[in-house]
Amino acid sequence: MKTAQHLTLAGLAWCSCFAASAACRSLPSREEPRTPITGKISPKEELSLIRADSGIFAAVVRAQLAGGEDDYPFHLERLRYDPRPYGTRSGYPENFSGVQGIDPTLTFARAEGSAIDQLTDNRKQILKMNGVRAGGPISYPQCAGIRVPTPPPPRRSAPTRTRRPDVHAGCPKQAEYYLTVGLPLREQPEGLRNARDTRGRRVSVRGDIWTVLVDERSFGPQGWSWSQYAWLFRRSRGGEFDLAATILIGTVE
C-alpha cells in the first residue's frame, strides 16, 4: 500500500506550475507547431481513436497496478478512475495545461458524442477486468491542501481560551485517489521535448510514440494534492503500448 508520505511528492514546491514547470525544463523546438484538425471526424478516424485510447488506457491501468513504492507510477490503494476522458462530460479538456502540443485535436478531429460514449464504455470494461473501481470525483470540502498552513493561535488577550482550528480536520483518515486519463496524442508534445522525467532524466524517445495526460488527485490525513503527468508510450509493431517515460507537468497542494 502506498504510504502517506507519498502524498507529498519529493521536491515539489507549493505552486501551480503547468506551463512553468514544463517550459523551464524544455528546450526550444525548431519544428513548426502543429495546428488542430478541424472538420468532422471520419468513421475510420473514430475507430482509430477508440482503438488507440483503449490500448493506452489499459496500459495506464496495468502500469499503475504494477507500480511500486519508490518510483512513479506508484502502486495506489483505495483509488478510482473516472472512465470519462479528462473526467469531463464532453470527453475533452475544459482547461489546457498550457503545454504546447497537448491539444488532443492535434491528432484526431473532435469526435462526436457517440464515439466518446463508446470509448468510455470500453474504459469501464477495462477497469472491470482489472478489478479497479470506476467513479467520479472525490469531495472533502473541509479538507485543505497539504501545504496550507495552520492558522495562528488567537491573541492572549482573548477572554476565553479558543482552540486553534484544524484545516485538515475534514480529511479522510486513509489516503484516497481519483485519477483521470486524457485522450491519446501522437508523438511527444513540442512543449515536453527534452523535458526531464519523474526520475530526473532527459526524455528523448523515438519510434511510434503516443502521449496521454494522467491527472491524480489525492486526499489523505495531511490534506489534498493534485498533480498532472504526461505518460509517453512506445507502440510496438504488434500494437502493444509500452510505457517509455512519465513527466510531471504541474502540481497543486
# chains A, B, ... in the order shown; residues from 1 in each chain; ligands from 1
>>> select_by_dssp(residues="region 124-194 of chain A", states="strand (DSSP E or B)", output="PDB file with C-alpha atoms, in the first residue's frame")
ATOM      1  CA  ARG A 133     -13.187   0.907  -9.287  1.00  0.00           C
ATOM      2  CA  ALA A 134     -14.751   3.370 -11.735  1.00  0.00           C
ATOM      3  CA  GLY A 145      -4.345  21.336   0.774  1.00  0.00           C
ATOM      4  CA  GLU A 176      -7.841   8.056  -1.364  1.00  0.00           C
ATOM      5  CA  TYR A 177      -7.076   8.707  -5.025  1.00  0.00           C
ATOM      6  CA  TYR A 178      -9.056   9.877  -8.034  1.00  0.00           C
ATOM      7  CA  LEU A 179      -7.443   9.607 -11.479  1.00  0.00           C
ATOM      8  CA  THR A 180      -8.408  10.814 -14.932  1.00  0.00           C
ATOM      9  CA  VAL A 181      -6.803   9.886 -18.244  1.00  0.00           C
ATOM     10  CA  LEU A 185      -1.886  12.219 -28.625  1.00  0.00           C
ATOM     11  CA  ARG A 186       0.510  11.022 -31.272  1.00  0.00           C
TER      12      ARG A 186
END
>>> residues_around(residues="region 242-248 of chain A", least_positions_apart="5", cutoff="6 Å", atoms="only C-alpha atoms", output="PyMOL selection string")
chain A and resi 197-198+229-234
>>> atom_distance(atom1="CA of Gln142 (chain A)", atom2="CA of Asp215 (chain A)")
21.7 Å
>>> closest_atom_pairs(of="region 120-239 of chain A", to="region 72-96 of chain A", cutoff="12 Å", atoms="only C-alpha atoms", output="JSON lines")
{"residue": "A:Thr120", "atom": "CA", "partner": "A:Arg84", "partner_atom": "CA", "distance": 5.5}
{"residue": "A:Asp121", "atom": "CA", "partner": "A:Pro83", "partner_atom": "CA", "distance": 7.6}
{"residue": "A:Asn122", "atom": "CA", "partner": "A:Pro83", "partner_atom": "CA", "distance": 8.6}
{"residue": "A:Arg123", "atom": "CA", "partner": "A:Pro83", "partner_atom": "CA", "distance": 5.5}
{"residue": "A:Lys124", "atom": "CA", "partner": "A:Pro83", "partner_atom": "CA", "distance": 5.8}
{"residue": "A:Gln125", "atom": "CA", "partner": "A:Pro83", "partner_atom": "CA", "distance": 9.4}
{"residue": "A:Ile126", "atom": "CA", "partner": "A:Pro83", "partner_atom": "CA", "distance": 9.4}
{"residue": "A:Leu127", "atom": "CA", "partner": "A:Tyr81", "partner_atom": "CA", "distance": 7.9}
{"residue": "A:Lys128", "atom": "CA", "partner": "A:Pro83", "partner_atom": "CA", "distance": 10.8}
{"residue": "A:Asn130", "atom": "CA", "partner": "A:Tyr81", "partner_atom": "CA", "distance": 11.6}
{"residue": "A:Gly131", "atom": "CA", "partner": "A:Arg80", "partner_atom": "CA", "distance": 10.5}
{"residue": "A:Val132", "atom": "CA", "partner": "A:Arg80", "partner_atom": "CA", "distance": 6.7}
{"residue": "A:Arg133", "atom": "CA", "partner": "A:Arg80", "partner_atom": "CA", "distance": 4.9}
{"residue": "A:Ala134", "atom": "CA", "partner": "A:Tyr81", "partner_atom": "CA", "distance": 5.0}
{"residue": "A:Gly135", "atom": "CA", "partner": "A:Asp82", "partner_atom": "CA", "distance": 5.1}
{"residue": "A:Gly136", "atom": "CA", "partner": "A:Asp82", "partner_atom": "CA", "distance": 5.4}
{"residue": "A:Pro137", "atom": "CA", "partner": "A:Asp82", "partner_atom": "CA", "distance": 7.5}
{"residue": "A:Ile138", "atom": "CA", "partner": "A:Arg80", "partner_atom": "CA", "distance": 9.0}
{"residue": "A:Pro172", "atom": "CA", "partner": "A:Arg78", "partner_atom": "CA", "distance": 11.5}
{"residue": "A:Lys173", "atom": "CA", "partner": "A:Arg78", "partner_atom": "CA", "distance": 11.9}
{"residue": "A:Gln174", "atom": "CA", "partner": "A:Arg78", "partner_atom": "CA", "distance": 8.5}
{"residue": "A:Ala175", "atom": "CA", "partner": "A:Arg78", "partner_atom": "CA", "distance": 7.1}
{"residue": "A:Glu176", "atom": "CA", "partner": "A:Arg78", "partner_atom": "CA", "distance": 5.2}
{"residue": "A:Tyr177", "atom": "CA", "partner": "A:Leu79", "partner_atom": "CA", "distance": 4.4}
{"residue": "A:Tyr178", "atom": "CA", "partner": "A:Arg80", "partner_atom": "CA", "distance": 5.1}
{"residue": "A:Leu179", "atom": "CA", "partner": "A:Tyr81", "partner_atom": "CA", "distance": 4.8}
{"residue": "A:Thr180", "atom": "CA", "partner": "A:Tyr86", "partner_atom": "CA", "distance": 5.3}
{"residue": "A:Val181", "atom": "CA", "partner": "A:Tyr86", "partner_atom": "CA", "distance": 5.5}
{"residue": "A:Gly182", "atom": "CA", "partner": "A:Pro85", "partner_atom": "CA", "distance": 4.7}
{"residue": "A:Leu183", "atom": "CA", "partner": "A:Pro85", "partner_atom": "CA", "distance": 6.0}
{"residue": "A:Pro184", "atom": "CA", "partner": "A:Pro85", "partner_atom": "CA", "distance": 9.6}
{"residue": "A:Asp197", "atom": "CA", "partner": "A:Tyr72", "partner_atom": "CA", "distance": 9.8}
{"residue": "A:Thr198", "atom": "CA", "partner": "A:Tyr72", "partner_atom": "CA", "distance": 6.7}
{"residue": "A:Arg199", "atom": "CA", "partner": "A:Tyr72", "partner_atom": "CA", "distance": 8.1}
{"residue": "A:Gly200", "atom": "CA", "partner": "A:Tyr72", "partner_atom": "CA", "distance": 11.5}
{"residue": "A:Val212", "atom": "CA", "partner": "A:Tyr86", "partner_atom": "CA", "distance": 10.1}
{"residue": "A:Leu213", "atom": "CA", "partner": "A:Tyr86", "partner_atom": "CA", "distance": 8.1}
{"residue": "A:Val214", "atom": "CA", "partner": "A:Tyr86", "partner_atom": "CA", "distance": 8.2}
{"residue": "A:Asp215", "atom": "CA", "partner": "A:Tyr86", "partner_atom": "CA", "distance": 7.9}
{"residue": "A:Glu216", "atom": "CA", "partner": "A:Tyr81", "partner_atom": "CA", "distance": 9.4}
{"residue": "A:Arg217", "atom": "CA", "partner": "A:Leu79", "partner_atom": "CA", "distance": 9.7}
{"residue": "A:Ser218", "atom": "CA", "partner": "A:Leu79", "partner_atom": "CA", "distance": 8.9}
{"residue": "A:Phe219", "atom": "CA", "partner": "A:Leu79", "partner_atom": "CA", "distance": 10.4}
{"residue": "A:Gly220", "atom": "CA", "partner": "A:Arg78", "partner_atom": "CA", "distance": 10.9}
{"residue": "A:Ser227", "atom": "CA", "partner": "A:Tyr72", "partner_atom": "CA", "distance": 12.0}
{"residue": "A:Gln228", "atom": "CA", "partner": "A:Tyr86", "partner_atom": "CA", "distance": 10.9}
{"residue": "A:Tyr229", "atom": "CA", "partner": "A:Pro73", "partner_atom": "CA", "distance": 9.9}
{"residue": "A:Ala230", "atom": "CA", "partner": "A:Pro73", "partner_atom": "CA", "distance": 11.3}
{"residue": "A:Trp231", "atom": "CA", "partner": "A:Pro73", "partner_atom": "CA", "distance": 9.7}
>>> select_by_dssp(residues="region 36-88 of chain A", states="alpha helix (DSSP H)", output="VMD selection string")
chain A and resid 43 to 65
>>> write_last_selection(atoms="N, CA and C atoms", output="tab-separated table (two decimals), in the first residue's frame")
chain	number	residue	atom	x	y	z
A	43	PRO	N	-15.52	8.13	-39.92
A	43	PRO	CA	-15.72	6.87	-39.19
A	43	PRO	C	-14.41	6.10	-39.00
A	44	LYS	N	-13.54	6.14	-40.01
A	44	LYS	CA	-12.26	5.44	-39.91
A	44	LYS	C	-11.40	6.06	-38.81
A	45	GLU	N	-11.39	7.39	-38.73
A	45	GLU	CA	-10.61	8.07	-37.70
A	45	GLU	C	-11.20	7.80	-36.32
A	46	GLU	N	-12.52	7.77	-36.23
A	46	GLU	CA	-13.16	7.47	-34.95
A	46	GLU	C	-12.73	6.10	-34.45
A	47	LEU	N	-12.71	5.13	-35.34
A	47	LEU	CA	-12.30	3.78	-34.97
A	47	LEU	C	-10.84	3.77	-34.52
A	48	SER	N	-9.99	4.51	-35.22
A	48	SER	CA	-8.57	4.58	-34.85
A	48	SER	C	-8.42	5.21	-33.47
A	49	LEU	N	-9.20	6.27	-33.20
A	49	LEU	CA	-9.16	6.94	-31.90
A	49	LEU	C	-9.57	5.98	-30.79
A	50	ILE	N	-10.68	5.26	-30.99
A	50	ILE	CA	-11.19	4.36	-29.97
A	50	ILE	C	-10.19	3.23	-29.69
A	51	ARG	N	-9.60	2.69	-30.76
A	51	ARG	CA	-8.64	1.60	-30.59
A	51	ARG	C	-7.39	2.08	-29.85
A	52	ALA	N	-6.87	3.24	-30.24
A	52	ALA	CA	-5.68	3.77	-29.58
A	52	ALA	C	-5.97	4.09	-28.12
A	53	ASP	N	-7.14	4.67	-27.86
A	53	ASP	CA	-7.49	5.03	-26.49
A	53	ASP	C	-7.61	3.79	-25.61
A	54	SER	N	-8.27	2.77	-26.11
A	54	SER	CA	-8.44	1.55	-25.32
A	54	SER	C	-7.09	0.91	-24.99
A	55	GLY	N	-6.20	0.87	-25.98
A	55	GLY	CA	-4.88	0.27	-25.75
A	55	GLY	C	-4.06	1.05	-24.74
A	56	ILE	N	-4.09	2.38	-24.85
A	56	ILE	CA	-3.30	3.21	-23.94
A	56	ILE	C	-3.91	3.22	-22.55
A	57	PHE	N	-5.24	3.31	-22.46
A	57	PHE	CA	-5.88	3.32	-21.15
A	57	PHE	C	-5.59	2.02	-20.41
A	58	ALA	N	-5.67	0.90	-21.10
A	58	ALA	CA	-5.36	-0.38	-20.47
A	58	ALA	C	-3.91	-0.42	-20.00
A	59	ALA	N	-3.00	0.17	-20.77
A	59	ALA	CA	-1.59	0.20	-20.39
A	59	ALA	C	-1.37	1.07	-19.16
A	60	VAL	N	-2.12	2.18	-19.06
A	60	VAL	CA	-2.02	3.05	-17.88
A	60	VAL	C	-2.47	2.30	-16.64
A	61	VAL	N	-3.61	1.64	-16.72
A	61	VAL	CA	-4.15	0.91	-15.57
A	61	VAL	C	-3.19	-0.20	-15.14
A	62	ARG	N	-2.67	-0.94	-16.10
A	62	ARG	CA	-1.74	-2.04	-15.75
A	62	ARG	C	-0.47	-1.49	-15.09
A	63	ALA	N	0.06	-0.39	-15.63
A	63	ALA	CA	1.28	0.18	-15.06
A	63	ALA	C	1.04	0.69	-13.64
A	64	GLN	N	-0.12	1.27	-13.41
A	64	GLN	CA	-0.45	1.77	-12.08
A	64	GLN	C	-0.55	0.62	-11.08
A	65	LEU	N	-1.20	-0.45	-11.48
A	65	LEU	CA	-1.34	-1.60	-10.60
A	65	LEU	C	-0.01	-2.28	-10.32
>>> closest_residue(among="A:Gly170, A:Pro165, A:Gly191, A:Gly207", to="Ala144 (chain A)", atoms="only C-alpha atoms")
A:Gly170
>>> closest_residue(among="A:His168, A:Arg237, A:Arg34, A:Lys40", to="Gln222 (chain A)", atoms="only C-alpha atoms")
A:His168
>>> atom_distance(atom1="CA of Pro189 (chain A)", atom2="CA of Ile249 (chain A)")
11.9 Å
>>> atom_distance(atom1="CA of Ile209 (chain A)", atom2="CA of Glu187 (chain A)")
4.7 Å
